[in-house]
$ cat structure-v6.txt   # compact mmCIF, C-alpha atoms
# COMPACT_ATOMS: atom_id res chain seq x y z
CA MET A 64 216.13 225.57 -9.87
CA SER A 65 215.71 223.67 -13.01
CA VAL A 66 218.64 222.53 -15.09
CA THR A 67 218.23 222.26 -18.78
CA MET A 68 220.63 220.13 -20.72
CA GLU A 69 221.58 221.56 -24.02
CA ARG A 70 222.81 219.25 -26.68
CA PRO A 71 224.47 220.25 -29.85
CA PRO A 72 222.38 219.48 -32.89
CA PHE A 73 222.99 215.97 -34.26
CA THR A 74 225.28 215.82 -37.24
CA GLU A 75 226.12 212.85 -39.36
CA ALA A 76 229.71 211.66 -39.06
CA ALA A 77 231.85 212.83 -41.93
CA PRO A 78 232.46 210.07 -44.44
CA THR A 79 235.83 208.37 -44.13
CA ILE A 80 237.90 206.94 -46.95
CA ALA A 81 236.50 203.48 -46.15
CA ASP A 82 232.96 204.76 -46.73
CA LYS A 83 233.84 206.29 -50.05
CA LYS A 84 233.70 203.46 -52.50
CA PRO A 85 236.21 204.36 -55.17
CA GLU A 86 234.61 204.57 -58.55
CA LEU A 87 235.44 201.49 -60.56
CA VAL A 88 237.29 202.11 -63.77
CA ASP A 89 236.38 199.54 -66.39
CA ARG A 90 239.30 200.05 -68.79
CA MET A 91 243.08 199.94 -68.66
CA VAL A 92 245.69 201.11 -71.17
CA ILE A 93 249.37 200.24 -70.89
CA PHE A 94 251.93 202.09 -72.98
CA ALA A 95 254.55 199.36 -73.46
CA TRP A 96 257.73 201.19 -74.38
CA SER A 97 260.29 198.63 -73.13
CA GLY A 98 261.40 195.46 -74.85
CA GLU A 99 263.16 193.82 -71.92
CA LEU A 100 262.08 190.65 -70.14
CA ASP A 101 261.72 192.34 -66.76
CA LYS A 102 259.42 195.03 -68.21
CA VAL A 103 257.44 192.95 -70.72
CA TRP A 104 256.67 190.36 -68.05
CA PRO A 105 254.84 192.72 -65.62
CA THR A 106 253.17 194.42 -68.60
CA LEU A 107 251.60 191.11 -69.63
CA ILE A 108 250.82 190.07 -66.03
CA LEU A 109 248.97 193.34 -65.40
CA ALA A 110 247.16 193.22 -68.75
CA THR A 111 245.90 189.65 -68.33
CA THR A 112 244.91 190.35 -64.72
CA ALA A 113 242.97 193.48 -65.74
CA ALA A 114 241.17 191.40 -68.37
CA ALA A 115 240.40 188.80 -65.68
CA MET A 116 238.93 191.64 -63.60
CA GLY A 117 236.57 192.37 -66.47
CA LYS A 118 238.35 195.48 -67.70
CA GLU A 119 238.62 196.28 -71.37
CA THR A 120 242.39 196.24 -71.71
CA THR A 121 244.70 197.69 -74.35
CA ILE A 122 248.47 197.52 -74.67
CA PHE A 123 249.95 200.09 -77.03
CA PHE A 124 253.35 198.77 -78.11
CA THR A 125 255.80 201.47 -79.09
CA PHE A 126 259.54 201.87 -79.67
CA TRP A 127 261.49 198.99 -78.02
CA GLY A 128 258.16 197.63 -76.83
CA LEU A 129 257.25 196.64 -80.37
CA PHE A 130 259.92 193.94 -80.71
CA PRO A 131 258.23 191.40 -78.37
CA LEU A 132 255.35 191.37 -80.91
CA VAL A 133 257.66 190.10 -83.67
CA LYS A 134 257.12 186.42 -84.51
CA ASN A 135 259.71 184.25 -82.74
CA GLU A 136 260.74 182.57 -85.98
CA VAL A 137 261.34 185.87 -87.82
CA ARG A 138 265.04 186.71 -87.62
CA ILE A 139 266.01 189.68 -89.79
CA THR A 140 263.52 192.47 -90.42
CA GLY A 141 263.68 195.77 -92.29
CA ASP A 142 264.40 196.99 -95.78
CA ASN A 143 267.70 198.81 -95.46
CA TRP A 144 270.98 197.89 -93.78
CA MET A 145 270.28 200.04 -90.72
CA GLN A 146 266.92 198.39 -90.02
CA LYS A 147 268.42 194.96 -90.71
CA MET A 148 271.33 195.68 -88.35
CA LEU A 149 268.85 196.82 -85.70
CA SER A 150 266.95 193.52 -85.85
CA LEU A 151 270.25 191.61 -85.78
CA MET A 152 271.36 193.43 -82.63
CA ASN A 153 267.92 193.45 -81.04
CA ARG A 154 266.18 190.18 -81.85
CA GLY A 155 262.38 190.32 -81.73
CA GLY A 156 259.93 187.80 -80.28
CA ASP A 157 258.53 187.07 -76.81
CA LYS A 158 260.91 184.11 -76.43
CA HIS A 159 264.06 186.20 -77.00
CA LEU A 160 263.75 188.88 -74.33
CA LYS A 161 266.82 190.15 -72.50
CA LEU A 162 267.08 191.36 -68.91
CA SER A 163 267.72 195.08 -68.30
CA LYS A 164 270.32 194.08 -65.70
CA MET A 165 272.30 190.88 -65.07
CA ASN A 166 271.76 189.72 -68.62
CA PHE A 167 275.20 188.03 -68.83
CA VAL A 168 274.91 187.27 -72.56
CA GLY A 169 271.65 185.40 -72.07
CA ALA A 170 272.59 183.44 -68.92
CA GLY A 171 270.45 185.78 -66.78
CA PRO A 172 267.23 185.26 -68.75
CA ALA A 173 267.89 181.49 -68.91
CA MET A 174 268.15 181.35 -65.11
CA MET A 175 265.10 183.59 -64.75
CA ASN A 176 263.07 181.32 -67.03
CA HIS A 177 264.25 178.30 -65.07
CA LEU A 178 263.11 179.91 -61.79
CA ALA A 179 259.78 180.88 -63.35
CA LYS A 180 259.18 177.29 -64.45
CA GLN A 181 260.09 176.03 -60.99
CA HIS A 182 257.60 178.42 -59.39
CA ARG A 183 255.03 177.84 -62.12
CA VAL A 184 254.94 181.44 -63.24
CA ALA A 185 253.56 181.78 -66.76
CA SER A 186 256.21 182.87 -69.29
CA PRO A 187 255.83 186.05 -71.35
CA HIS A 188 255.03 183.84 -74.36
CA GLU A 189 252.26 182.03 -72.47
CA LEU A 190 250.92 185.32 -71.10
CA MET A 191 250.88 186.82 -74.60
CA GLU A 192 248.73 183.87 -75.77
CA ILE A 193 246.44 184.25 -72.72
CA ALA A 194 246.12 188.00 -73.42
CA ILE A 195 245.03 187.34 -77.01
CA GLU A 196 242.61 184.63 -75.88
CA MET A 197 241.08 186.99 -73.29
CA GLY A 198 240.54 189.71 -75.86
CA VAL A 199 243.24 192.15 -74.73
CA HIS A 200 243.79 194.68 -77.52
CA LEU A 201 247.43 194.52 -78.61
CA VAL A 202 248.03 197.64 -80.69
CA PRO A 203 251.35 198.12 -82.51
CA CYS A 204 252.57 201.69 -83.05
CA GLN A 205 252.45 202.47 -86.77
CA MET A 206 255.23 205.05 -86.60
CA THR A 207 257.63 202.64 -84.86
CA MET A 208 256.81 199.94 -87.41
CA ASP A 209 257.70 202.31 -90.27
CA MET A 210 260.86 203.61 -88.64
CA MET A 211 262.19 200.21 -87.54
CA GLY A 212 261.11 198.51 -90.77
CA LEU A 213 258.66 196.06 -89.19
CA LYS A 214 255.87 194.83 -91.46
CA ARG A 215 252.48 193.56 -90.31
CA SER A 216 253.58 190.10 -91.53
CA ASP A 217 256.61 190.23 -89.19
CA LEU A 218 254.26 190.54 -86.19
CA ILE A 219 252.28 187.78 -84.47
CA ASP A 220 248.65 186.99 -85.33
CA GLY A 221 245.78 188.01 -83.10
CA ILE A 222 246.82 191.63 -82.63
CA ASP A 223 244.87 194.79 -83.50
CA GLU A 224 245.44 197.08 -86.44
CA PRO A 225 248.45 199.41 -86.07
CA ALA A 226 247.57 202.86 -84.76
CA GLY A 227 249.08 206.14 -83.66
CA ALA A 228 249.46 208.19 -80.50
CA THR A 229 246.06 209.86 -80.92
CA LYS A 230 244.21 206.53 -80.93
CA ALA A 231 246.23 205.39 -77.90
CA LEU A 232 245.49 208.58 -75.95
CA ALA A 233 241.82 208.49 -76.95
CA ASP A 234 241.58 204.94 -75.58
CA ALA A 235 243.34 206.07 -72.40
CA GLN A 236 240.75 208.69 -71.51
CA GLY A 237 239.17 207.80 -68.18
CA ALA A 238 241.09 204.52 -68.01
CA ILE A 239 243.83 203.27 -65.70
CA THR A 240 247.00 204.18 -67.60
CA LEU A 241 250.47 202.79 -67.11
CA PHE A 242 253.72 203.52 -68.94
CA ILE A 243 256.13 200.61 -68.73
CA MET B 1235 220.25 172.59 -46.40
CA SER B 1236 223.23 171.55 -48.43
CA ILE B 1237 225.37 173.93 -50.43
CA THR B 1238 226.25 172.73 -53.89
CA ILE B 1239 229.51 173.77 -55.48
CA ALA B 1240 229.05 174.09 -59.23
CA LYS B 1241 232.75 174.01 -60.05
CA SER B 1242 235.96 173.20 -58.21
CA LEU B 1243 239.39 174.48 -59.27
CA ASP B 1244 242.77 173.13 -58.23
CA LEU B 1245 245.19 176.07 -58.41
CA LYS B 1246 247.78 174.61 -56.06
CA GLY B 1247 251.36 175.43 -57.04
CA LEU B 1248 250.37 178.18 -59.47
CA SER B 1249 251.76 181.70 -59.09
CA CYS B 1250 250.32 185.14 -59.82
CA PRO B 1251 248.50 185.91 -62.11
CA LEU B 1252 247.36 182.40 -63.09
CA PRO B 1253 245.06 181.64 -60.10
CA ILE B 1254 242.94 184.74 -60.80
CA ILE B 1255 243.01 184.26 -64.58
CA LYS B 1256 241.84 180.65 -64.31
CA THR B 1257 239.21 181.64 -61.75
CA ALA B 1258 237.88 184.49 -63.90
CA LYS B 1259 237.62 182.12 -66.89
CA ALA B 1260 235.79 179.47 -64.84
CA MET B 1261 233.40 182.03 -63.33
CA LYS B 1262 232.25 183.00 -66.83
CA GLU B 1263 230.74 179.53 -67.25
CA LEU B 1264 228.69 179.71 -64.05
CA ALA B 1265 225.04 180.74 -63.85
CA PRO B 1266 224.13 183.63 -61.49
CA GLY B 1267 224.01 182.47 -57.87
CA GLU B 1268 226.15 179.38 -58.48
CA LEU B 1269 229.24 178.75 -56.37
CA LEU B 1270 232.83 178.11 -57.39
CA GLU B 1271 235.51 176.86 -55.04
CA ALA B 1272 239.24 177.12 -55.56
CA PHE B 1273 242.25 175.67 -53.77
CA ALA B 1274 245.53 177.59 -53.96
CA THR B 1275 248.92 177.61 -52.26
CA ASP B 1276 250.11 181.10 -53.31
CA PRO B 1277 249.76 183.33 -50.20
CA GLY B 1278 249.28 186.29 -52.57
CA ALA B 1279 246.01 184.72 -53.65
CA VAL B 1280 244.39 185.72 -50.33
CA PRO B 1281 244.41 189.50 -50.97
CA ASP B 1282 244.00 188.91 -54.72
CA PHE B 1283 240.79 186.89 -54.37
CA LYS B 1284 239.39 189.50 -51.97
CA ALA B 1285 240.26 192.32 -54.39
CA TRP B 1286 238.91 190.42 -57.41
CA ALA B 1287 235.62 189.81 -55.60
CA GLN B 1288 235.34 193.47 -54.58
CA THR B 1289 236.07 194.89 -58.01
CA THR B 1290 234.00 192.43 -60.05
CA GLY B 1291 231.04 192.27 -57.63
CA ASN B 1292 231.12 188.48 -57.27
CA PRO B 1293 230.93 187.89 -53.49
CA LEU B 1294 233.73 185.95 -51.80
CA VAL B 1295 231.68 183.83 -49.40
CA GLU B 1296 234.61 181.93 -47.93
CA SER B 1297 238.35 182.45 -47.56
CA SER B 1298 240.12 180.01 -45.25
CA GLU B 1299 243.39 178.17 -44.83
CA SER B 1300 244.16 174.63 -43.79
CA GLY B 1301 247.61 173.04 -43.82
CA GLY B 1302 249.08 175.61 -46.21
CA VAL B 1303 246.23 175.33 -48.71
CA PHE B 1304 243.90 178.28 -49.17
CA HIS B 1305 240.24 177.62 -49.85
CA PHE B 1306 238.06 180.20 -51.56
CA VAL B 1307 234.37 180.10 -52.42
CA LEU B 1308 233.02 182.67 -54.84
CA LYS B 1309 229.39 183.28 -55.73
CA LYS B 1310 228.55 184.37 -59.24
CA LYS B 1311 226.78 187.70 -59.06
CA GLU B 1312 223.17 188.16 -60.07
CA ILE B 1313 222.88 190.22 -63.24

$ encode --input "structure-v6.txt" --output "structure tokens"
Amino acid sequence: MSVTMERPPFTEAAPTIADKKPELVDRMVIFAWSGELDKVWPTLILATTAAAMGKETTIFFTFWGLFPLVKNEVRITGDNWMQKMLSLMNRGGDKHLKLSKMNFVGAGPAMMNHLAKQHRVASPHELMEIAIEMGVHLVPCQMTMDMMGLKRSDLIDGIDEPAGATKALADAQGAITLFI
Amino acid sequence: MSITIAKSLDLKGLSCPLPIIKTAKAMKELAPGELLEAFATDPGAVPDFKAWAQTTGNPLVESSESGGVFHFVLKKKEI
């Protein structure tokens, strides 16, 4: 009696996640809506890191997010009393950011900045300069500028031309997108 | 055969994201095939250097630790 061994036909192992190399995305767009220290900080850390990873990076600054782009030395902005009051209550500039919690009339941010210095973490102001130097596109929202009474001359140098939501969404196509 | 390091970076004491930002800047100045070494103390730099190498295509040829200091060697990719 002869025994014949039957083997199932050879099949390649199904690819696992490790075998699938995720497609690299070469652009990132952050919609920066917040103006608080604890939101602006990660926004700038992620943007400068993406630029360091060779990604073309854009931050679209809108609503409260626009105020960190105001020059630190500019105090009152706007044309009418409402816009002026707004800038009085919500001072612009990347050196005047408040914490979203535990602000304690500025004591919170002061302590946070002290800790950052101790641990040699770059400040939002330093990261903003690094972002500009690395070619990160900093795009202010035109509509917010008009509504809040912020002029191009109130904003820091080295940023892109103001634009709208369509430009921001067009840039975001096929890119990593974050809303902070 | 001796391995020549084209550039050496001291990133000790620096926190995220500065080690990677300074490394990326320094790598731009290297010619393809040249090596860059970096010393860091941020434990987060270990996965960050690996991820940076993987996503940018510049091979990480060494990643080691000695006395709390991390040592990385990156090779600039061929174009």

$ closest_residue --input "structure-v6.txt" --among "A:Arg70, A:Arg90, A:Lys147, A:Arg183" --to "chain B" --atoms "only C-alpha atoms"
A:Arg183

$ closest_atom_pairs --input "structure-v6.txt" --of "chain B" --to "chain A" --cutoff "12 Å" --atoms "all atoms listed in the file" --output "tab-separated table"
residue	atom	partner	partner_atom	distance
B:Leu1245	CA	A:Arg183	CA	10.7
B:Lys1246	CA	A:Arg183	CA	10.0
B:Gly1247	CA	A:Arg183	CA	6.7
B:Leu1248	CA	A:Arg183	CA	5.4
B:Ser1249	CA	A:Val184	CA	5.2
B:Cys1250	CA	A:Val184	CA	6.8
B:Pro1251	CA	A:Ile108	CA	6.2
B:Leu1252	CA	A:Ala185	CA	7.2
B:Pro1253	CA	A:Thr112	CA	9.9
B:Ile1254	CA	A:Ala115	CA	6.8
B:Ile1255	CA	A:Ala115	CA	5.4
B:Lys1256	CA	A:Ala115	CA	8.4
B:Thr1257	CA	A:Ala115	CA	8.3
B:Ala1258	CA	A:Ala115	CA	5.3
B:Lys1259	CA	A:Ala115	CA	7.3
B:Ala1260	CA	A:Ala115	CA	10.4
B:Met1261	CA	A:Ala115	CA	10.0
B:Lys1262	CA	A:Ala115	CA	10.1
B:Thr1275	CA	A:His182	CA	11.3
B:Asp1276	CA	A:His182	CA	10.0
B:Asp1282	CA	A:Thr112	CA	10.1
B:Phe1283	CA	A:Met116	CA	10.5
B:Lys1284	CA	A:Met116	CA	11.8
B:Ala1285	CA	A:Met116	CA	9.3
B:Trp1286	CA	A:Met116	CA	6.3
B:Ala1287	CA	A:Met116	CA	8.8
B:Gln1288	CA	A:Met116	CA	9.9
B:Thr1289	CA	A:Met116	CA	7.1
B:Thr1290	CA	A:Met116	CA	6.1
B:Gly1291	CA	A:Met116	CA	9.9
B:Asn1292	CA	A:Met116	CA	10.5

$ atom_distance --input "structure-v6.txt" --atom1 "atom CA of Thr207 of chain A" --atom2 "atom CA of Leu129 of chain A"
7.5 Å

$ closest_residue --input "structure-v6.txt" --among "B:Lys1311, B:Ser1298, B:Pro1277, B:Leu1243" --to "Leu1264 of chain B" --atoms "all atoms listed in the file"
B:Lys1311

$ atom_distance --input "structure-v6.txt" --atom1 "atom CA of Phe1304 of chain B" --atom2 "atom CA of Met191 of chain A"
27.7 Å

$ axis_aligned_box --input "structure-v6.txt" --around "segment 1270-1280 of chain B" --padding-each-side "5 Å" --output "AutoDock Vina command-line options"
--center_x 241.5 --center_y 181.0 --center_z -53.8 --size_x 27.3 --size_y 20.6 --size_z 17.2

$ residues_around --input "structure-v6.txt" --residues "segment 91-96 of chain A" --least-positions-apart "3" --cutoff "7 Å" --atoms "all atoms listed in the file" --output "PDB file with C-alpha atoms, keeping the file's coordinate frame"
ATOM      1  CA  LYS A 118     238.350 195.480 -67.700  1.00  0.00           C
ATOM      2  CA  GLU A 119     238.620 196.280 -71.370  1.00  0.00           C
ATOM      3  CA  THR A 120     242.390 196.240 -71.710  1.00  0.00           C
ATOM      4  CA  THR A 121     244.700 197.690 -74.350  1.00  0.00           C
ATOM      5  CA  ILE A 122     248.470 197.520 -74.670  1.00  0.00           C
ATOM      6  CA  PHE A 123     249.950 200.090 -77.030  1.00  0.00           C
ATOM      7  CA  PHE A 124     253.350 198.770 -78.110  1.00  0.00           C
ATOM      8  CA  THR A 125     255.800 201.470 -79.090  1.00  0.00           C
ATOM      9  CA  PHE A 126     259.540 201.870 -79.670  1.00  0.00           C
ATOM     10  CA  TRP A 127     261.490 198.990 -78.020  1.00  0.00           C
ATOM     11  CA  GLY A 128     258.160 197.630 -76.830  1.00  0.00           C
ATOM     12  CA  ALA A 235     243.340 206.070 -72.400  1.00  0.00           C
ATOM     13  CA  ALA A 238     241.090 204.520 -68.010  1.00  0.00           C
ATOM     14  CA  ILE A 239     243.830 203.270 -65.700  1.00  0.00           C
ATOM     15  CA  THR A 240     247.000 204.180 -67.600  1.00  0.00           C
ATOM     16  CA  LEU A 241     250.470 202.790 -67.110  1.00  0.00           C
ATOM     17  CA  PHE A 242     253.720 203.520 -68.940  1.00  0.00           C
ATOM     18  CA  ILE A 243     256.130 200.610 -68.730  1.00  0.00           C
TER      19      ILE A 243
END

$ atom_distance --input "structure-v6.txt" --atom1 "atom CA of Lys214 of chain A" --atom2 "atom CA of Leu132 of chain A"
11.1 Å

$ residues_around --input "structure-v6.txt" --residues "Val1303 of chain B" --least-positions-apart "3" --cutoff "7 Å" --atoms "all atoms listed in the file" --output "PyMOL selection string"
chain B and resi 1273-1275+1299-1300

$ write_last_selection --input "structure-v6.txt" --atoms "C-alpha atoms" --output "short mmCIF file (atom, residue, chain, number, x, y, z; two decimals), in the frame of the given file"
data_model
loop_
_atom_site.label_atom_id
_atom_site.label_comp_id
_atom_site.auth_asym_id
_atom_site.auth_seq_id
_atom_site.Cartn_x
_atom_site.Cartn_y
_atom_site.Cartn_z
CA PHE B 1273 242.25 175.67 -53.77
CA ALA B 1274 245.53 177.59 -53.96
CA THR B 1275 248.92 177.61 -52.26
CA GLU B 1299 243.39 178.17 -44.83
CA SER B 1300 244.16 174.63 -43.79
#

$ decode --input "structure-v6.txt" --residues "segment 1273-1301 of chain B" --atoms "N, CA and C atoms" --output "mmCIF file, in the first residue's frame"
data_model
loop_
_atom_site.group_PDB
_atom_site.id
_atom_site.type_symbol
_atom_site.label_atom_id
_atom_site.label_comp_id
_atom_site.auth_asym_id
_atom_site.auth_seq_id
_atom_site.Cartn_x
_atom_site.Cartn_y
_atom_site.Cartn_z
ATOM 1 N N PHE B 1273 24.591 63.453 21.637
ATOM 2 C CA PHE B 1273 24.498 62.996 23.029
ATOM 3 C C PHE B 1273 23.323 63.714 23.676
ATOM 4 N N ALA B 1274 22.427 62.949 24.305
ATOM 5 C CA ALA B 1274 21.242 63.546 24.924
ATOM 6 C C ALA B 1274 20.970 62.876 26.264
ATOM 7 N N THR B 1275 20.227 63.595 27.113
ATOM 8 C CA THR B 1275 19.854 63.014 28.417
ATOM 9 C C THR B 1275 18.340 62.837 28.548
ATOM 10 N N ASP B 1276 17.568 63.353 27.592
ATOM 11 C CA ASP B 1276 16.112 63.218 27.622
ATOM 12 C C ASP B 1276 15.744 61.791 27.198
ATOM 13 N N PRO B 1277 15.152 60.990 28.111
ATOM 14 C CA PRO B 1277 14.796 59.611 27.738
ATOM 15 C C PRO B 1277 13.827 59.551 26.550
ATOM 16 N N GLY B 1278 13.038 60.612 26.382
ATOM 17 C CA GLY B 1278 12.110 60.675 25.242
ATOM 18 C C GLY B 1278 12.830 60.730 23.910
ATOM 19 N N ALA B 1279 14.106 61.079 23.942
ATOM 20 C CA ALA B 1279 14.874 61.171 22.695
ATOM 21 C C ALA B 1279 15.062 59.796 22.052
ATOM 22 N N VAL B 1280 15.016 58.734 22.867
ATOM 23 C CA VAL B 1280 15.256 57.384 22.323
ATOM 24 C C VAL B 1280 14.188 57.015 21.281
ATOM 25 N N PRO B 1281 12.884 57.045 21.661
ATOM 26 C CA PRO B 1281 11.884 56.775 20.617
ATOM 27 C C PRO B 1281 11.817 57.877 19.557
ATOM 28 N N ASP B 1282 12.112 59.123 19.953
ATOM 29 C CA ASP B 1282 12.039 60.222 18.983
ATOM 30 C C ASP B 1282 13.105 60.104 17.882
ATOM 31 N N PHE B 1283 14.316 59.735 18.264
ATOM 32 C CA PHE B 1283 15.369 59.588 17.249
ATOM 33 C C PHE B 1283 15.041 58.438 16.305
ATOM 34 N N LYS B 1284 14.490 57.340 16.876
ATOM 35 C CA LYS B 1284 14.118 56.187 16.057
ATOM 36 C C LYS B 1284 13.028 56.599 15.056
ATOM 37 N N ALA B 1285 12.023 57.326 15.560
ATOM 38 C CA ALA B 1285 10.910 57.746 14.705
ATOM 39 C C ALA B 1285 11.371 58.750 13.653
ATOM 40 N N TRP B 1286 12.262 59.664 14.047
ATOM 41 C CA TRP B 1286 12.759 60.664 13.092
ATOM 42 C C TRP B 1286 13.518 59.967 11.957
ATOM 43 N N ALA B 1287 14.341 58.987 12.341
ATOM 44 C CA ALA B 1287 15.122 58.247 11.339
ATOM 45 C C ALA B 1287 14.191 57.503 10.384
ATOM 46 N N GLN B 1288 13.154 56.864 10.941
ATOM 47 C CA GLN B 1288 12.222 56.094 10.109
ATOM 48 C C GLN B 1288 11.443 56.980 9.145
ATOM 49 N N THR B 1289 10.997 58.132 9.619
ATOM 50 C CA THR B 1289 10.149 58.961 8.762
ATOM 51 C C THR B 1289 10.941 59.810 7.776
ATOM 52 N N THR B 1290 12.192 60.127 8.106
ATOM 53 C CA THR B 1290 12.972 60.958 7.175
ATOM 54 C C THR B 1290 13.864 60.113 6.269
ATOM 55 N N GLY B 1291 14.053 58.826 6.612
ATOM 56 C CA GLY B 1291 14.872 57.946 5.769
ATOM 57 C C GLY B 1291 16.360 58.058 6.016
ATOM 58 N N ASN B 1292 16.763 58.779 7.059
ATOM 59 C CA ASN B 1292 18.175 58.838 7.445
ATOM 60 C C ASN B 1292 18.414 57.737 8.477
ATOM 61 N N PRO B 1293 19.209 56.694 8.143
ATOM 62 C CA PRO B 1293 19.325 55.557 9.058
ATOM 63 C C PRO B 1293 19.953 55.920 10.403
ATOM 64 N N LEU B 1294 19.365 55.345 11.466
ATOM 65 C CA LEU B 1294 19.926 55.466 12.810
ATOM 66 C C LEU B 1294 20.852 54.266 12.982
ATOM 67 N N VAL B 1295 22.148 54.492 12.900
ATOM 68 C CA VAL B 1295 23.083 53.362 12.911
ATOM 69 C C VAL B 1295 23.496 52.976 14.332
ATOM 70 N N GLU B 1296 23.284 53.890 15.285
ATOM 71 C CA GLU B 1296 23.550 53.503 16.667
ATOM 72 C C GLU B 1296 22.625 54.236 17.622
ATOM 73 N N SER B 1297 22.166 53.522 18.647
ATOM 74 C CA SER B 1297 21.375 54.112 19.714
ATOM 75 C C SER B 1297 21.750 53.354 20.981
ATOM 76 N N SER B 1298 22.514 54.012 21.855
ATOM 77 C CA SER B 1298 22.979 53.319 23.062
ATOM 78 C C SER B 1298 22.920 54.256 24.256
ATOM 79 N N GLU B 1299 23.151 53.695 25.431
ATOM 80 C CA GLU B 1299 23.077 54.492 26.650
ATOM 81 C C GLU B 1299 24.254 54.135 27.543
ATOM 82 N N SER B 1300 24.843 55.144 28.158
ATOM 83 C CA SER B 1300 25.940 54.892 29.079
ATOM 84 C C SER B 1300 25.911 55.946 30.173
ATOM 85 N N GLY B 1301 25.682 55.531 31.393
ATOM 86 C CA GLY B 1301 25.670 56.446 32.537
ATOM 87 C C GLY B 1301 24.638 57.557 32.418
#
